Amino acid sequence: MTTYRIAVLPGDGIGPDVTNEAIKVLNRLEKMDETFKLDLETFDWNSEYFLKHNTMMPEDGLDQLKKFDAILFGAIGDSRVPDEISIWQLIMPIRKQFKQYVNMRPIKQLPGIKSPLKSDAPIDFVVFRENAEGEYSNIGGSLYDGQSQEMAIQNTVITAQGVERIAKYAFEYAQKNNVRKVTSATKSNAIIHSMKLWDTVAEKVANNYEGIELESVFIDALAAYFIQKPESYEVVIASNLFGDILTDLGAALVGGLGVSPSGNINPEREFPSMFEAIHGSAPDIAGKGIANPIAQIWSAAMMLEHLGREDLATVVMNAIEKVIMQGQIVTPDLGGTSTTEQLGDAIANAIEEQF
Ligand code: ATP
Ligand code: MG
């Protein structure tokens, strides 16, 4: 029997609602499988915490998190706290300090969920978004504030090492899963310094993987192809910004934010990896009990896989698919009238049936 230590950060808005359902599912697995034991610890580091303590987490916050096997994260965002604070004092430090340089975002259409596309070709690919550098740097500044010549500069940082490690992770994944092509999102025709380095390093990595093709596609064209022929992608690598946009687009193709999970992965396992739905705190539906918990439950399944429990991850995914196929318990985002809790209960029960 292995005990897994999980840090839970429910966060703001619908974060706690959907995270509760993910924990419900994990607890049900623990009840059913005696080889699986959890040690969960919840941290109240959110916007409410900031309003009380003027910081998003205690000074030794990262030290406290370091000893866990993984982190389950809800969502952060509150109108009373600027994003610069909530994001840059909590999520970014965790991602950066824990070297979670791979942001894994499956774009997979679950059976029973409609795509807005007319084509019924199944959509099933994964985007590996570079998560530690790129366009989302805080290097830059502004000049001539408030004057007519006011200007701002925001730097993009692309390093050879940064591209190499994300590309390598994607090619390893492709190799392991018998995928013959990795698609790289680029824009080296217009962004001639940073994206050229991206291309060069991606090609260098690709050369080490015989039988797996590297296909570089300009980001603007790739966005269009995602709509026109999403079935032709299997593994995609993208920079921080490109990956962010592509995965929101991808999410929209397969049922929306309510069913889109992610993992922030430290492949070396030197630090805990963090799993979270890609959606935010959704202030418009916070407190109503109608958020779709599938994205967060699926993220918990990705966490199980990362912890080496593929068997349990499969049980969770089977349960999600079964409940969707039955079509009885559906939250409003997918056209139903069920609550967050009802959907979580149904998935937990569908888990129990598999033992
Ligand atoms: P944040 O600033 O925290 O990212 P946001 O307003 O930018 O918040 P999201 O929280 O991602 O964006 O929500 C965008 C839209 O998607 C909202 O209309 C929200 O209601 C909807 N949405 C997001 N997550 C879910 C979910 N789990 N279930 C149902 N609807 C959701
Ligand atoms: Mg958002």
# chains A, B, ... in the order shown; residues from 1 in each chain; ligands from 1
>>> residues_near_ligand(ligand="ligand 1", cutoff="9 Å", atoms="only C-alpha atoms and all ligand atoms", output="PyMOL selection string")
chain A and resi 12-15+18+75-79+83+256-260+277-286+290-296+331-334+340
>>> residues_around(residues="Gly250 (chain A)", least_positions_apart="6", cutoff="12 Å", atoms="only C-alpha atoms", output="ChimeraX atom specification")
/A:105-109,115-117,123-127,222-231,233,236,242-244,256-257,259-261,278
>>> write_last_selection(atoms="C-alpha atoms", output="PDB file, in the first residue's frame")
ATOM      1  CA  ARG A 105      -3.594  19.837 -21.875  1.00  0.00           C
ATOM      2  CA  PRO A 106      -5.512  16.968 -23.439  1.00  0.00           C
ATOM      3  CA  ILE A 107      -8.027  18.050 -26.081  1.00  0.00           C
ATOM      4  CA  LYS A 108     -10.193  15.002 -26.175  1.00  0.00           C
ATOM      5  CA  GLN A 109     -13.810  14.710 -27.136  1.00  0.00           C
ATOM      6  CA  SER A 115     -18.567  19.510 -30.669  1.00  0.00           C
ATOM      7  CA  PRO A 116     -19.722  22.762 -32.270  1.00  0.00           C
ATOM      8  CA  LEU A 117     -18.054  21.472 -35.440  1.00  0.00           C
ATOM      9  CA  ILE A 123     -10.987  14.846 -31.718  1.00  0.00           C
ATOM     10  CA  ASP A 124      -8.219  13.469 -29.538  1.00  0.00           C
ATOM     11  CA  PHE A 125      -4.884  15.185 -29.169  1.00  0.00           C
ATOM     12  CA  VAL A 126      -2.673  16.633 -26.502  1.00  0.00           C
ATOM     13  CA  VAL A 127      -1.013  20.030 -26.360  1.00  0.00           C
ATOM     14  CA  LEU A 222      -2.748  26.142 -37.023  1.00  0.00           C
ATOM     15  CA  ALA A 223      -5.642  27.915 -35.297  1.00  0.00           C
ATOM     16  CA  ALA A 224      -7.624  27.614 -38.523  1.00  0.00           C
ATOM     17  CA  TYR A 225      -6.639  23.943 -38.986  1.00  0.00           C
ATOM     18  CA  PHE A 226      -7.816  23.190 -35.435  1.00  0.00           C
ATOM     19  CA  ILE A 227     -11.299  24.086 -36.718  1.00  0.00           C
ATOM     20  CA  GLN A 228     -10.966  22.593 -40.205  1.00  0.00           C
ATOM     21  CA  LYS A 229      -9.207  19.301 -39.452  1.00  0.00           C
ATOM     22  CA  PRO A 230      -8.711  18.768 -35.711  1.00  0.00           C
ATOM     23  CA  GLU A 231      -8.618  15.012 -36.251  1.00  0.00           C
ATOM     24  CA  TYR A 233      -3.383  16.293 -34.712  1.00  0.00           C
ATOM     25  CA  VAL A 236       1.269  19.568 -30.380  1.00  0.00           C
ATOM     26  CA  PHE A 242       0.511  30.196 -28.298  1.00  0.00           C
ATOM     27  CA  GLY A 243      -0.289  27.181 -26.144  1.00  0.00           C
ATOM     28  CA  ASP A 244      -2.636  29.188 -23.967  1.00  0.00           C
ATOM     29  CA  GLY A 256     -15.822  23.866 -23.330  1.00  0.00           C
ATOM     30  CA  LEU A 257     -13.975  24.829 -20.180  1.00  0.00           C
ATOM     31  CA  VAL A 259     -14.598  19.531 -19.394  1.00  0.00           C
ATOM     32  CA  SER A 260     -10.990  20.622 -19.968  1.00  0.00           C
ATOM     33  CA  PRO A 261      -8.272  19.420 -17.578  1.00  0.00           C
ATOM     34  CA  ILE A 278      -8.001  25.070 -17.181  1.00  0.00           C
TER      35      ILE A 278
END
>>> residues_around(residues="Ser137 (chain A)", least_positions_apart="4", cutoff="8 Å", atoms="only C-alpha atoms", output="VMD selection string")
chain A and resid 133 154 to 157
>>> closest_residue(among="A:Ala190, A:Ala301, A:Ile23, A:Val179", to="Glu213 (chain A)", atoms="only C-alpha atoms")
A:Val179
>>> select_by_dssp(residues="region 118-278 of chain A", states="helix (DSSP H, G or I)", output="NGL selection string")
:A and (160-176 or 194-206 or 219-228 or 230-232 or 240-253 or 257-259)
>>> closest_residue(among="A:Tyr169, A:Ile87, A:Ile237, A:Ser338", to="ligand 2", atoms="only C-alpha atoms and all ligand atoms")
A:Ile87
>>> closest_residue(among="A:Ile324, A:Lys118, A:Glu234, A:Ser239", to="Ala350 (chain A)", atoms="only C-alpha atoms")
A:Ile324
